[in-house]
Amino acid sequence: MRHTLGVTAGIMAAAALLAGCGKTYPVSTVVPTATPIKPYVSSVYIFPTPTASPATSPSAEPMGIASAASTSNCASEEIWFTLERTDQVGFLNDEAKYEFYTLPNPGSEPYGIACGINGFMWFTEYAGDRIGTFDTSTSTFTEYSIPTTDSEPTAIVLGSDNGLWFTESNTGKIGRIDQTSDAITETSLTGGSATEPFDATLGPDENIWFTLEGSDQIGVITPSYGVTLYNVPTASAEPYAIISAENELWFTEENAGKIGSITTNTGTVTEVTLTACPHPQSLVFGVDSNFYIFCSGQTTFVQYDPFTGAQTSYDLRSGSVAQWSILGFDQKIYLTDSGLNAITQISY
């Protein structure tokens, strides 16, 4: 089933790392502020209108998005992203300049993206059933076919074992590609009822945590491929994005209008109902210890204070369709915006 963020619940995208989908970025514990900081859209970096078919679409479909610590050798002071419709990956640097690189195979639909080691960016190819890598030092691509056909990979994330872990949304599997041998290993999720693994993130326990949109579950896989699944209390919640924050995993429930948290030691799930976001999708944990949640079908986003429970809505630009979001290297929030064909930056 095709999944696209920015569409109402029940269908999919990614990303979005992303996490974005397949996200790899640091989250620091900070003292909560007495008063939440007011966020605002500070910049919108608009891309050239694509010329590829369908010509009626004004957007290259920016999707997955990634940033990394300033010490990283592949994404230092850069925001990397995928352009799903034009089969490209690109970056936005700290001077507000961007570059694009076109994948070798048309119709690949790159989705999630993450920073690896040795100066490589890694990404999923949703329609191509491949994992791709881009060498930032030589500007060259290498692609690897996933053993299972029609796998529809979405999120990708760097693990504590230096492997790249990815979700296969159409096969109910979690994959891993080794950065040294390039070998791909796939793990089938237990029980047969676990369906549509979608987003993924590295947890505080150094395991990979992921959402299962089709079976209303949160899963975790260890570096030794041990899998545990936890049910989300709300039926038909469709858990979507997941991030690590404050020693827990937090996730959105796209079809339930909620966000949830899960502890790593007990698997206890707690849910929070959002008052002005019926279809939450991506989320970010800000440096002010508030969550920023982006909602499908709305040009608004929600600031949620986990200490007080306060929820406040703020506006995006008219026409925005938020996809995946991250906390960038500069501690600002960045999101892929397919409605404006742009990367939107939020400061606070």
# chains A, B, ... in the order shown; residues from 1 in each chain; ligands from 1
call {"tool": "residues_around", "arguments": {"residues": "Asp161 in chain A", "least_positions_apart": "3", "cutoff": "9 Å", "atoms": "only C-alpha atoms", "output": "count of residues only"}}
result
4
call {"tool": "residues_around", "arguments": {"residues": "Ser261 in chain A", "least_positions_apart": "4", "cutoff": "10 Å", "atoms": "only C-alpha atoms", "output": "number ranges by chain"}}
result
A: 218, 232, 242-245, 248-252, 267-272
